[in-house]
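Q: To be precise about what I am sending: the file is called model.tsv and holds TSV, C-alpha atoms.
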chain	number	residue	atom	x	y	z
T	1	MET	CA	24.88	9.40	-4.03
T	2	LYS	CA	23.92	6.73	-6.58
T	3	ILE	CA	20.35	5.44	-6.48
T	4	PHE	CA	21.17	1.91	-5.25
T	5	GLU	CA	23.16	3.30	-2.32
T	6	GLU	CA	20.34	5.74	-1.58
T	7	LEU	CA	17.79	2.91	-1.48
T	8	LYS	CA	20.01	1.06	0.99
T	9	GLU	CA	20.44	4.12	3.21
T	10	ARG	CA	16.70	4.67	3.22
T	11	GLY	CA	16.24	1.10	4.45
T	12	LEU	CA	14.28	-0.03	1.42
T	13	ILE	CA	16.28	-3.08	0.35
T	14	ALA	CA	15.68	-6.36	2.14
T	15	GLN	CA	17.15	-9.03	-0.17
T	16	VAL	CA	18.66	-9.24	-3.64
T	17	THR	CA	19.64	-12.18	-5.79
T	18	ASP	CA	22.78	-10.71	-7.39
T	19	GLU	CA	23.78	-7.51	-5.62
T	20	SER	CA	26.70	-6.39	-7.79
T	21	GLU	CA	24.75	-6.86	-11.04
T	22	ILE	CA	21.66	-5.18	-9.63
T	23	ARG	CA	23.68	-2.24	-8.29
T	24	GLU	CA	25.32	-1.68	-11.68
T	25	LEU	CA	22.06	-1.93	-13.63
T	26	ILE	CA	20.13	0.42	-11.36
T	27	ASN	CA	22.90	2.98	-10.99
T	28	GLU	CA	23.39	3.14	-14.76
T	29	GLY	CA	19.67	3.35	-15.53
T	30	GLY	CA	19.66	-0.06	-17.19
T	31	ALA	CA	16.94	-1.73	-15.14
T	32	ARG	CA	13.62	-2.50	-16.81
T	33	PHE	CA	11.82	-3.72	-13.73
T	34	TYR	CA	8.28	-4.68	-12.85
T	35	ILE	CA	6.11	-4.66	-9.77
T	36	GLY	CA	2.74	-6.40	-9.74
T	37	PHE	CA	-0.52	-5.10	-8.27
T	38	ASP	CA	-3.45	-7.48	-7.87
T	39	PRO	CA	-6.74	-5.53	-8.15
T	40	THR	CA	-8.45	-6.74	-4.98
T	41	ALA	CA	-10.29	-3.41	-4.47
T	42	ASP	CA	-11.24	-0.33	-6.48
T	43	SER	CA	-8.52	1.78	-4.87
T	44	LEU	CA	-4.85	1.47	-4.05
T	45	HIS	CA	-4.02	1.67	-0.34
T	46	VAL	CA	-0.95	2.60	1.68
T	47	GLY	CA	0.31	-0.96	1.31
T	48	HIS	CA	0.90	-0.09	-2.38
T	49	PHE	CA	2.26	3.36	-1.61
T	50	MET	CA	5.86	2.36	-0.98
T	51	ALA	CA	5.99	0.36	-4.21
T	52	LEU	CA	4.75	3.39	-6.17
T	53	CYS	CA	7.29	5.66	-4.48
T	54	LEU	CA	10.04	3.16	-5.26
T	55	MET	CA	9.03	3.08	-8.92
T	56	LYS	CA	9.07	6.87	-9.00
T	57	ARG	CA	12.56	7.02	-7.45
T	58	LEU	CA	13.96	4.51	-9.93
T	59	GLN	CA	12.29	6.22	-12.89
T	60	MET	CA	13.80	9.54	-11.82
T	61	ALA	CA	17.20	7.78	-11.91
T	62	GLY	CA	16.65	6.71	-15.54
T	63	ASN	CA	15.31	3.19	-15.06
T	64	LYS	CA	12.16	1.93	-16.84
T	65	PRO	CA	9.23	0.72	-14.70
T	66	VAL	CA	6.70	-1.81	-15.94
T	67	VAL	CA	3.50	-1.71	-13.90
T	68	LEU	CA	1.80	-5.09	-13.98
T	69	LEU	CA	-1.92	-5.11	-13.23
T	70	GLY	CA	-3.03	-8.54	-12.06
T	71	GLY	CA	-6.17	-8.88	-14.15
T	72	GLY	CA	-5.25	-12.55	-14.60
T	73	THR	CA	-3.73	-13.48	-11.25
T	74	GLY	CA	-6.63	-11.65	-9.62
T	75	HIS	CA	-8.82	-14.58	-10.70
T	76	ILE	CA	-6.75	-16.83	-8.41
T	77	GLY	CA	-5.67	-14.70	-5.46
T	78	ASP	CA	-2.30	-14.57	-3.74
T	79	PRO	CA	-2.22	-16.87	-0.67
T	80	THR	CA	0.69	-14.92	0.86
T	81	GLY	CA	-0.20	-13.70	4.33
T	82	ARG	CA	-3.70	-15.18	4.14
T	83	THR	CA	-5.28	-17.56	6.64
T	84	ASP	CA	-8.14	-18.39	4.27
T	85	MET	CA	-8.93	-18.20	0.58
T	86	ARG	CA	-9.90	-14.84	-0.91
T	87	SER	CA	-13.44	-14.33	-2.11
T	88	MET	CA	-13.72	-14.98	-5.84
T	89	MET	CA	-14.21	-11.77	-7.84
T	90	THR	CA	-16.09	-11.50	-11.11
T	91	ALA	CA	-14.23	-10.65	-14.30
T	92	GLU	CA	-16.15	-7.36	-14.45
T	93	ALA	CA	-15.10	-6.37	-10.91
T	94	ILE	CA	-11.46	-7.21	-11.64
T	95	GLU	CA	-11.46	-5.10	-14.82
T	96	HIS	CA	-13.14	-2.19	-13.02
T	97	ASN	CA	-10.53	-2.31	-10.25
T	98	CYS	CA	-7.71	-2.40	-12.82
T	99	GLN	CA	-9.01	0.77	-14.43
T	100	CYS	CA	-9.22	2.48	-11.01
T	101	PHE	CA	-5.63	1.46	-10.23
T	102	LYS	CA	-4.42	2.81	-13.55
T	103	LYS	CA	-5.90	6.27	-12.95
T	104	GLN	CA	-4.34	6.51	-9.50
T	105	MET	CA	-0.93	5.31	-10.68
T	106	GLU	CA	-0.73	8.05	-13.28
T	107	ARG	CA	-0.26	10.53	-10.42
T	108	PHE	CA	3.01	8.82	-9.49
T	109	ILE	CA	4.47	7.26	-12.63
T	110	GLU	CA	5.13	8.97	-15.97
T	111	PHE	CA	3.89	6.56	-18.63
T	112	GLY	CA	4.96	6.44	-22.27
T	113	ASP	CA	6.80	4.12	-24.65
T	114	ASP	CA	10.23	5.26	-23.52
T	115	LYS	CA	9.29	6.07	-19.92
T	116	ALA	CA	7.10	3.45	-18.26
T	117	LEU	CA	4.67	0.77	-19.37
T	118	ILE	CA	1.46	-0.47	-17.82
T	119	VAL	CA	0.34	-3.97	-18.78
T	120	ASN	CA	-2.30	-6.44	-17.62
T	121	ASN	CA	-1.50	-10.13	-17.20
T	122	ALA	CA	-5.07	-11.00	-18.18
T	123	ASP	CA	-3.84	-10.44	-21.73
T	124	TRP	CA	-1.70	-13.59	-21.61
T	125	LEU	CA	-2.77	-15.65	-18.57
T	126	LEU	CA	-6.45	-15.98	-19.47
T	127	ASN	CA	-5.64	-17.45	-22.86
T	128	LEU	CA	-3.20	-20.11	-21.68
T	129	ASN	CA	-3.68	-23.72	-22.73
T	130	TYR	CA	-3.57	-25.76	-19.52
T	131	VAL	CA	-1.70	-28.77	-20.87
T	132	GLU	CA	0.79	-26.53	-22.66
T	133	LEU	CA	1.36	-24.60	-19.43
T	134	LEU	CA	2.02	-27.81	-17.53
T	135	ARG	CA	4.55	-28.93	-20.10
T	136	GLU	CA	6.26	-25.58	-20.67
T	137	VAL	CA	6.25	-24.17	-17.15
T	138	GLY	CA	5.08	-26.82	-14.69
T	139	ALA	CA	8.00	-29.08	-15.59
T	140	CYS	CA	10.40	-26.41	-14.25
T	141	PHE	CA	8.94	-26.59	-10.72
T	142	THR	CA	9.15	-29.26	-8.03
T	143	VAL	CA	6.33	-29.64	-5.53
T	144	ASN	CA	8.87	-30.14	-2.75
T	145	ASN	CA	10.43	-26.73	-3.35
T	146	MET	CA	7.05	-25.03	-3.67
T	147	LEU	CA	5.84	-26.46	-0.37
T	148	ARG	CA	8.91	-25.07	1.36
T	149	ALA	CA	7.78	-21.54	0.48
T	150	GLU	CA	6.61	-19.67	3.56
T	151	CYS	CA	3.39	-18.51	1.90
T	152	TYR	CA	2.34	-22.14	1.42
T	153	LYS	CA	3.61	-23.53	4.72
T	154	GLN	CA	1.43	-21.09	6.64
T	155	ARG	CA	-1.66	-22.45	4.93
T	156	MET	CA	-1.03	-26.20	4.99
T	157	GLU	CA	-2.75	-26.84	8.32
T	158	LYS	CA	-5.89	-24.85	7.52
T	159	GLY	CA	-6.02	-25.92	3.91
T	160	LEU	CA	-4.46	-24.66	0.69
T	161	SER	CA	-6.61	-24.91	-2.40
T	162	PHE	CA	-5.14	-26.21	-5.65
T	163	LEU	CA	-6.29	-22.94	-7.19
T	164	GLU	CA	-4.01	-20.92	-4.89
T	165	PHE	CA	-1.20	-23.45	-5.24
T	166	ASN	CA	-0.91	-22.32	-8.86
T	167	TYR	CA	-0.29	-18.69	-7.92
T	168	MET	CA	3.49	-19.07	-7.74
T	169	ILE	CA	3.56	-20.60	-11.22
T	170	MET	CA	1.40	-17.79	-12.59
T	171	GLN	CA	3.64	-15.11	-11.07
T	172	ALA	CA	6.75	-16.83	-12.41
T	173	TYR	CA	5.13	-17.01	-15.85
T	174	ASP	CA	4.50	-13.25	-15.66
T	175	PHE	CA	8.20	-12.52	-15.22
T	176	TRP	CA	9.12	-14.86	-18.06
T	177	HIS	CA	6.53	-13.29	-20.38
T	178	LEU	CA	7.62	-9.75	-19.50
T	179	SER	CA	11.23	-10.72	-20.05
T	180	GLU	CA	10.52	-12.19	-23.48
T	181	LYS	CA	8.15	-9.47	-24.73
T	182	TYR	CA	9.30	-6.29	-22.99
T	183	GLY	CA	12.90	-7.01	-22.01
T	184	CYS	CA	12.22	-6.97	-18.26
T	185	ASN	CA	15.37	-7.91	-16.39
T	186	MET	CA	14.35	-7.28	-12.79
T	187	GLN	CA	11.44	-7.91	-10.46
T	188	PHE	CA	10.67	-5.98	-7.28
T	189	GLY	CA	8.31	-6.86	-4.47
T	190	GLY	CA	7.76	-7.01	-0.74
T	191	ASP	CA	9.95	-9.30	1.32
T	192	ASP	CA	6.94	-11.57	1.84
T	193	GLN	CA	7.01	-12.23	-1.93
T	194	TRP	CA	10.57	-13.59	-2.01
T	195	SER	CA	9.67	-17.22	-2.82
T	196	ASN	CA	7.41	-16.20	-5.72
T	197	MET	CA	10.05	-13.85	-7.07
T	198	LEU	CA	12.80	-16.45	-6.95
T	199	ALA	CA	10.52	-18.80	-8.88
T	200	GLY	CA	10.25	-16.24	-11.69
T	201	THR	CA	13.99	-15.61	-11.77
T	202	GLU	CA	14.76	-19.33	-11.97
T	203	LEU	CA	12.14	-19.91	-14.68
T	204	ILE	CA	13.70	-17.26	-16.93
T	205	ARG	CA	17.14	-18.70	-16.44
T	206	LYS	CA	15.95	-22.23	-17.21
T	207	LYS	CA	13.73	-21.38	-20.17
T	208	SER	CA	15.62	-18.51	-21.77
T	209	GLY	CA	19.13	-18.68	-20.44
T	210	LYS	CA	18.88	-14.96	-19.67
T	211	ASP	CA	20.10	-13.17	-16.57
T	212	ALA	CA	17.17	-12.04	-14.46
T	213	TYR	CA	17.26	-10.48	-11.03
T	214	ALA	CA	14.95	-10.16	-8.07
T	215	MET	CA	15.09	-7.55	-5.34
T	216	THR	CA	12.73	-7.16	-2.43
T	217	ILE	CA	11.85	-4.00	-0.61
T	218	THR	CA	11.08	-3.91	3.08
T	219	LEU	CA	7.40	-3.11	2.90
T	220	LEU	CA	6.96	-1.20	6.11
T	221	LEU	CA	3.28	-0.92	5.25
T	222	ASN	CA	2.74	-4.60	4.58
T	223	SER	CA	5.27	-7.20	5.58
T	224	GLU	CA	5.92	-5.92	9.11
T	225	GLY	CA	2.64	-7.26	10.42
T	226	LYS	CA	0.72	-4.79	8.24
T	227	LYS	CA	0.80	-2.52	11.29
T	228	MET	CA	1.09	0.60	9.18
T	229	GLY	CA	-1.68	-0.21	6.72
T	230	LYS	CA	-4.69	-0.47	8.98
T	231	THR	CA	-6.82	1.74	11.18
T	232	ALA	CA	-9.82	0.90	13.32
T	233	LYS	CA	-12.01	1.53	10.28
T	234	GLY	CA	-10.03	-0.63	7.87
T	235	ALA	CA	-7.47	0.09	5.19
T	236	VAL	CA	-6.04	3.54	4.52
T	237	TRP	CA	-6.84	4.24	0.89
T	238	LEU	CA	-5.29	6.56	-1.67
T	239	ASP	CA	-8.75	7.38	-3.07
T	240	GLU	CA	-10.00	10.47	-1.23
T	241	ASN	CA	-13.58	9.21	-1.47
T	242	ARG	CA	-12.56	6.33	0.78
T	243	THR	CA	-9.98	8.08	2.97
T	244	SER	CA	-10.20	11.87	2.94
T	245	PRO	CA	-7.01	13.96	2.68
T	246	TYR	CA	-7.55	14.98	6.32
T	247	GLU	CA	-7.87	11.35	7.46
T	248	PHE	CA	-4.82	10.44	5.39
T	249	TYR	CA	-2.86	13.30	6.97
T	250	GLN	CA	-3.99	12.34	10.47
T	251	TYR	CA	-3.01	8.73	9.91
T	252	TRP	CA	0.61	9.73	9.29
T	253	ARG	CA	0.50	12.47	11.94
T	254	ASN	CA	-0.34	9.80	14.51
T	255	VAL	CA	2.25	7.14	13.67
T	256	ASP	CA	4.20	5.71	16.57
T	257	ASP	CA	7.14	7.87	17.65
T	258	ASN	CA	9.55	5.02	16.93
T	259	ASP	CA	8.37	4.75	13.30
T	260	VAL	CA	8.51	8.42	12.29
T	261	MET	CA	12.07	8.59	10.98
T	262	LYS	CA	11.73	5.17	9.36
T	263	CYS	CA	8.68	6.43	7.43
T	264	ILE	CA	10.42	9.68	6.49
T	265	ARG	CA	13.38	7.75	5.08
T	266	MET	CA	11.33	5.18	3.20
T	267	LEU	CA	8.40	7.18	1.91
T	268	THR	CA	9.30	10.83	1.45
T	269	PHE	CA	11.50	12.39	-1.21
T	270	ILE	CA	13.31	14.57	1.32
T	271	PRO	CA	17.04	14.38	0.45
T	272	VAL	CA	19.02	11.96	2.60
T	273	GLU	CA	21.33	14.78	3.71
T	274	GLU	CA	18.36	16.59	5.28
T	275	ILE	CA	17.13	13.37	6.85
T	276	ARG	CA	20.52	12.83	8.49
T	277	GLU	CA	20.18	16.28	10.08
T	278	MET	CA	16.64	15.47	11.28
T	279	ASP	CA	18.06	12.37	12.98
T	280	LYS	CA	20.05	14.74	15.21
T	281	TRP	CA	17.04	16.76	16.36
T	282	GLU	CA	16.17	16.78	20.03
T	283	ALA	CA	13.44	14.40	21.21
T	284	ASP	CA	11.06	17.28	21.94
T	285	ARG	CA	10.81	17.98	18.18
T	286	ILE	CA	9.00	14.68	17.49
T	287	ASN	CA	5.72	16.44	16.63
T	288	GLU	CA	7.53	18.62	14.10
T	289	LYS	CA	8.84	15.47	12.44
T	290	LYS	CA	5.34	14.00	12.37
T	291	GLU	CA	3.94	17.13	10.74
T	292	ILE	CA	6.64	16.98	8.07
T	293	LEU	CA	5.90	13.30	7.41
T	294	ALA	CA	2.13	13.81	7.23
T	295	TYR	CA	2.38	16.89	5.01
T	296	GLU	CA	4.89	15.39	2.56
T	297	LEU	CA	2.91	12.19	2.04
T	298	THR	CA	-0.45	13.96	1.79
T	299	ARG	CA	1.08	16.30	-0.79
T	300	LEU	CA	2.38	13.34	-2.80
T	301	VAL	CA	-1.01	11.62	-2.88
T	302	HIS	CA	-3.48	14.52	-2.89
T	303	GLY	CA	-1.53	17.58	-4.01
T	304	GLU	CA	-0.26	20.77	-2.38
T	305	GLU	CA	-3.61	22.51	-1.83
T	306	LYS	CA	-5.30	19.59	-0.10
T	307	ALA	CA	-2.20	18.89	1.98
T	308	GLN	CA	-2.20	22.49	3.23
T	309	LYS	CA	-5.89	22.30	4.08
T	310	ALA	CA	-5.45	18.97	5.89
T	311	GLN	CA	-2.58	20.41	7.91
T	312	SER	CA	-4.65	23.46	8.85
T	313	GLN	CA	-7.55	21.24	9.94
T	314	ALA	CA	-5.23	19.03	11.97
T	315	ARG	CA	-3.72	22.02	13.75
T	316	ALA	CA	-7.21	23.32	14.53
T	317	ALA	CA	-8.07	19.97	16.07
T	318	PHE	CA	-5.11	20.33	18.40
T	319	GLY	CA	-5.94	23.92	19.34
T	320	GLY	CA	-3.65	25.64	16.89
T	321	GLY	CA	-6.26	27.65	14.99
T	322	GLY	CA	-7.74	26.96	11.60
T	323	GLU	CA	-10.86	25.15	10.50
T	324	LEU	CA	-11.83	21.67	11.69
T	325	PRO	CA	-12.79	19.03	9.12
T	326	GLU	CA	-16.52	18.55	8.58
T	327	LYS	CA	-18.57	15.47	7.75
T	328	ALA	CA	-22.01	15.77	6.17
T	329	ILE	CA	-24.26	12.87	7.17
T	330	SER	CA	-27.89	11.83	6.95
T	331	VAL	CA	-29.30	9.93	9.94
T	332	GLU	CA	-32.80	9.45	11.32
T	333	ALA	CA	-31.81	9.96	14.95
T	334	HIS	CA	-29.49	12.84	15.84
T	335	THR	CA	-28.05	10.96	18.81
T	336	ILE	CA	-24.48	10.01	19.52
T	337	ILE	CA	-24.37	6.31	18.54
T	338	PRO	CA	-25.86	6.56	15.02
T	339	VAL	CA	-23.85	9.74	14.42
T	340	LEU	CA	-20.57	8.04	15.40
T	341	VAL	CA	-21.32	5.24	12.96
T	342	ALA	CA	-22.51	7.50	10.12
T	343	THR	CA	-19.38	9.66	10.34
T	344	GLY	CA	-17.17	6.58	10.26
T	345	ILE	CA	-15.64	7.34	13.65
T	346	CYS	CA	-16.93	3.94	14.77
T	347	ALA	CA	-17.54	0.90	12.61
T	348	SER	CA	-20.65	-0.34	14.44
T	349	ASN	CA	-23.21	0.53	17.11
T	350	GLY	CA	-21.49	-1.90	19.47
T	351	GLU	CA	-18.13	-0.23	19.04
T	352	ALA	CA	-19.70	3.20	19.55
T	353	ARG	CA	-21.45	2.03	22.75
T	354	ARG	CA	-18.22	0.55	24.16
T	355	LEU	CA	-16.26	3.69	23.32
T	356	ILE	CA	-18.79	5.88	25.16
T	357	GLN	CA	-18.81	3.55	28.19
T	358	GLN	CA	-15.01	3.72	28.29
T	359	GLY	CA	-15.08	7.53	28.33
T	360	GLY	CA	-13.54	7.92	24.90
T	361	VAL	CA	-16.10	10.28	23.30
T	362	SER	CA	-16.73	14.00	23.77
T	363	ILE	CA	-19.17	16.41	22.14
T	364	ASN	CA	-17.55	19.83	21.93
T	365	GLU	CA	-15.77	19.99	25.30
T	366	SER	CA	-18.09	17.69	27.27
T	367	LYS	CA	-17.44	14.01	27.92
T	368	VAL	CA	-20.34	11.81	26.75
T	369	THR	CA	-21.76	9.48	29.40
T	370	ASP	CA	-25.26	8.92	27.97
T	371	ILE	CA	-25.49	6.52	25.00
T	372	ASN	CA	-28.54	8.52	23.83
T	373	ALA	CA	-26.87	11.94	24.07
T	374	PRO	CA	-28.18	14.38	21.42
T	375	VAL	CA	-25.92	15.79	18.71
T	376	ALA	CA	-26.65	19.17	17.11
T	377	ASP	CA	-25.70	20.42	13.68
T	378	GLY	CA	-22.22	21.95	13.90
T	379	ASP	CA	-21.18	20.02	17.01
T	380	THR	CA	-17.59	18.78	17.14
T	381	LEU	CA	-17.06	15.13	18.03
T	382	HIS	CA	-13.86	13.97	19.69
T	383	LYS	CA	-12.66	10.37	19.82
T	384	GLY	CA	-9.83	10.34	22.30
T	385	LYS	CA	-7.07	12.84	21.52
T	386	LYS	CA	-6.60	12.05	17.84
T	387	VAL	CA	-9.96	12.14	16.04
T	388	HIS	CA	-11.86	15.45	15.83
T	389	LEU	CA	-14.76	16.07	13.46
T	390	LYS	CA	-17.46	18.68	13.00
T	391	VAL	CA	-20.88	17.24	12.12
T	392	ARG	CA	-23.27	18.64	9.52
T	393	PHE	CA	-26.71	17.12	9.00
T	394	VAL	CA	-28.19	16.96	5.52
If you convert what's in this file into structure tokens, what do you get?

A:
Amino acid sequence: MKIFEELKERGLIAQVTDESEIRELINEGGARFYIGFDPTADSLHVGHFMALCLMKRLQMAGNKPVVLLGGGTGHIGDPTGRTDMRSMMTAEAIEHNCQCFKKQMERFIEFGDDKALIVNNADWLLNLNYVELLREVGACFTVNNMLRAECYKQRMEKGLSFLEFNYMIMQAYDFWHLSEKYGCNMQFGGDDQWSNMLAGTELIRKKSGKDAYAMTITLLLNSEGKKMGKTAKGAVWLDENRTSPYEFYQYWRNVDDNDVMKCIRMLTFIPVEEIREMDKWEADRINEKKEILAYELTRLVHGEEKAQKAQSQARAAFGGGGELPEKAISVEAHTIIPVLVATGICASNGEARRLIQQGGVSINESKVTDINAPVADGDTLHKGKKVHLKVRFV
């Protein structure tokens, strides 16, 4: 199966500008495509994971990825999906985050002059002359068309800053610059980025007369209500210091039954022929599918050894033997509420108190009813049926 057809079967393609041209380029290894990553934190999260997997798939098929770090656009902030303006980051924080992203991406993408490039739009955006930009790029856009973009319409009632209004122009300029300097002929992104991507494609065609293409992927982890990218504690990160391999494994082990096969198709590198067979499995094998999903993705992000350990810990938590995960914490009071917060099981004292009152916490095998219940070194905490953690005091 050719790579374009595989992407379609896996459910990754949402929209394309010129399907026949895109199919031919990708299948023949002629795509030099870019995906942008704005450095809003010091770690990538699962919302970026699909994009990285897509780049890896296409690189394996002979296409050339260009990773674009948003060191320039990060100074503005993408209004897409936002109800308010992002907090302004310092130049130092943006650069630090870019370096963190780069290290993590090297686990997925093979970089080199003839393999993949990594560039930073701070190198060209921060040096732009404003009047020159207005004349060279601004003249190619109409305000009417920009305001029809969904990302802007959602913000008009609550207020859209002029700063954010420029984001579409900046992203379009990126595509034009990458086309002129690096020969980029294709842009990929989530389906919530479609308006911005079309702007870049049209700018290249107007300014350069070149063919440029845009193709969106169905970001299961982002565009579909971001339901797959969040937990009660916040984002699921690829940095194990933020989200441990065990927590990462458990996140995928606990996805909704209806999403399991969708995630396996989109995110794993299991051959499509094997996935078709898994589709035929009886309903009572759903937990087997979840284990396969969790193991494969943990292995991709954290490696074989840590994936095996996470799986062993998860099985122990569900009574299947093995060693439970441990969390070393330092707290003044060895009682249940501060311990729940220190371990990260709960985000606040209030959440911990409500969880106890609702009967959702156990120590070892005993349900906790007292909000001042003591916790001993080596005790196992249970939050419902899905979170299990052994506590160590330091």

Q: Here is a test: counting only C-alpha atoms, which residue of T:Leu69, T:Ala342, T:Ile329, T:Ile270 is nearest to Tyr295 of chain T?

A: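 Checking each of T:Leu69, T:Ala342, T:Ile329, T:Ile270 against Tyr295 of chain T, counting only C-alpha atoms, the winner is T:Ile270.
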
Q: Of the candidates T:Arg285, T:Arg392, T:Arg86, T:Lys158, which shows the shortest atom-to-atom distance to Ser330 of chain T, using only C-alpha atoms?

A: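 Distance minimum relative to Ser330 of chain T lands on T:Arg392.
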
Q: Identify, on the basis of only C-alpha atoms, every residue whose closest approach to Ile371 of chain T does not exceed 8 Å; exclude the query and any residue fewer than 5 positions from it along the same chain; express the result as a ChimeraX atom specification.

A: /T:336-337,353,356-357

Q: Compile the contact shell of segment 385-391 of chain T as an NGL selection string: residues with an atom at most 10 Å away, counting all atoms listed in the file, same-chain residues fewer than 5 positions apart removed.

A: :T and (247 or 250-251 or 253-254 or 313-314 or 316-318 or 323-329 or 339-340 or 343 or 345 or 360-364 or 375-380)

Q: Using only C-alpha atoms, pick whichever of T:Met215, T:Ile76, T:Cys140, T:Leu128 has the shortest atom-to-atom distance to Phe165 of chain T.

A: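 Distance minimum relative to Phe165 of chain T lands on T:Ile76.
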
Q: Just need the box for segment 92-111 of chain T, edges along x, y and z, holding every atom the file lists for it with 6 Å tacked onto each side, so centre and edge lengths in Å to one decimal, as JSON.

A:
{"center_x": -5.5, "center_y": 1.6, "center_z": -14.1, "size_x": 33.3, "size_y": 29.9, "size_z": 21.1}

Q: Identify which of the residues T:His96, T:Arg23, T:His48, T:Arg10 lies closest to Val236 of chain T, counting all atoms listed in the file when measuring atom-to-atom distances.

A: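 Result for the nearest residue to Val236 of chain T: T:His48.
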
Q: Near Phe37 of chain T, counting all atoms listed in the file, which residues have an atom at most 10 Å away, once you skip same-chain residues fewer than 2 positions from it, shown as a PDB file with C-alpha atoms, in the frame of the given file?

A:
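For reference, around.pdb as written:
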ATOM      1  CA  TYR T  34       8.280  -4.680 -12.850  1.00  0.00           C
ATOM      2  CA  ILE T  35       6.110  -4.660  -9.770  1.00  0.00           C
ATOM      3  CA  PRO T  39      -6.740  -5.530  -8.150  1.00  0.00           C
ATOM      4  CA  THR T  40      -8.450  -6.740  -4.980  1.00  0.00           C
ATOM      5  CA  LEU T  44      -4.850   1.470  -4.050  1.00  0.00           C
ATOM      6  CA  HIS T  48       0.900  -0.090  -2.380  1.00  0.00           C
ATOM      7  CA  ALA T  51       5.990   0.360  -4.210  1.00  0.00           C
ATOM      8  CA  VAL T  67       3.500  -1.710 -13.900  1.00  0.00           C
ATOM      9  CA  LEU T  68       1.800  -5.090 -13.980  1.00  0.00           C
ATOM     10  CA  LEU T  69      -1.920  -5.110 -13.230  1.00  0.00           C
ATOM     11  CA  GLY T  70      -3.030  -8.540 -12.060  1.00  0.00           C
ATOM     12  CA  GLY T  71      -6.170  -8.880 -14.150  1.00  0.00           C
ATOM     13  CA  THR T  73      -3.730 -13.480 -11.250  1.00  0.00           C
ATOM     14  CA  GLY T  74      -6.630 -11.650  -9.620  1.00  0.00           C
ATOM     15  CA  CYS T  98      -7.710  -2.400 -12.820  1.00  0.00           C
ATOM     16  CA  PHE T 101      -5.630   1.460 -10.230  1.00  0.00           C
ATOM     17  CA  ASN T 120      -2.300  -6.440 -17.620  1.00  0.00           C
ATOM     18  CA  GLY T 189       8.310  -6.860  -4.470  1.00  0.00           C
TER      19      GLY T 189
END

Q: Using all atoms listed in the file, pick whichever of T:Glu202, T:Glu110, T:Glu274, T:Asp259 has the shortest atom-to-atom distance to Val66 of chain T.

A: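 Residue with the minimum atom-to-atom distance to Val66 of chain T: T:Glu110.
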
Q: Separation of atom CA of Leu126 of chain T and atom CA of Gly200 of chain T, in Å?

A: 18.4 Å

Q: List the residues sitting within 9 Å of (-6.3, 6.9, 0.1) in the file's frame, using only C-alpha atoms, as a PDB file with C-alpha atoms, in the frame of the given file.

A:
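Saved as out03.pdb:
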ATOM      1  CA  SER T  43      -8.520   1.780  -4.870  1.00  0.00           C
ATOM      2  CA  LEU T  44      -4.850   1.470  -4.050  1.00  0.00           C
ATOM      3  CA  HIS T  45      -4.020   1.670  -0.340  1.00  0.00           C
ATOM      4  CA  VAL T  46      -0.950   2.600   1.680  1.00  0.00           C
ATOM      5  CA  ALA T 235      -7.470   0.090   5.190  1.00  0.00           C
ATOM      6  CA  VAL T 236      -6.040   3.540   4.520  1.00  0.00           C
ATOM      7  CA  TRP T 237      -6.840   4.240   0.890  1.00  0.00           C
ATOM      8  CA  LEU T 238      -5.290   6.560  -1.670  1.00  0.00           C
ATOM      9  CA  ASP T 239      -8.750   7.380  -3.070  1.00  0.00           C
ATOM     10  CA  GLU T 240     -10.000  10.470  -1.230  1.00  0.00           C
ATOM     11  CA  ASN T 241     -13.580   9.210  -1.470  1.00  0.00           C
ATOM     12  CA  ARG T 242     -12.560   6.330   0.780  1.00  0.00           C
ATOM     13  CA  THR T 243      -9.980   8.080   2.970  1.00  0.00           C
ATOM     14  CA  SER T 244     -10.200  11.870   2.940  1.00  0.00           C
ATOM     15  CA  PRO T 245      -7.010  13.960   2.680  1.00  0.00           C
ATOM     16  CA  GLU T 247      -7.870  11.350   7.460  1.00  0.00           C
ATOM     17  CA  PHE T 248      -4.820  10.440   5.390  1.00  0.00           C
ATOM     18  CA  VAL T 301      -1.010  11.620  -2.880  1.00  0.00           C
ATOM     19  CA  HIS T 302      -3.480  14.520  -2.890  1.00  0.00           C
TER      20      HIS T 302
END

Q: Can you measure atom CA of Ala352 of chain T to atom CA of Ala333 of chain T for me? One decimal in Å is fine.

A: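 We find that atom CA of Ala352 of chain T and atom CA of Ala333 of chain T lie 14.6 Å from each other.
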
Q: Using only C-alpha atoms, determine which residues lie at most 12 Å from Glu9 of chain T, disregarding the query and same-chain residues fewer than 2 positions distant; provide the list as an MDAnalysis selection string.

A: chainID T and resid 1:7 11:14 262 264:266 271:273 275:276

Q: Name the residues in contact with Gly183 of chain T at a cut-off of 12 Å, using only C-alpha atoms, excluding same-chain residues fewer than 2 positions from it; report them as a list in words.

A: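 Counting only the stated atoms, we get Gly30, Ala31, Arg32, Phe33, Tyr34, Lys64, Pro65, Val66, Leu117, Phe175, Trp176, His177, Leu178, Ser179, Glu180, Lys181, Asn185, Met186, Gln187, Ile204, Ser208, Lys210, Asp211 and Ala212 of chain T.
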
Q: Pick out the closest residue to Gly72 of chain T from this set: T:Ile109, T:Ala122, T:Ala139, T:Cys346. Count all atoms listed in the file.

A: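 Looking at the shortest contact to Gly72 of chain T, the residue is T:Ala122.
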
Q: By how many Å are atom CA of Glu150 of chain T and atom CA of Ile94 of chain T apart?

A: 26.7 Å
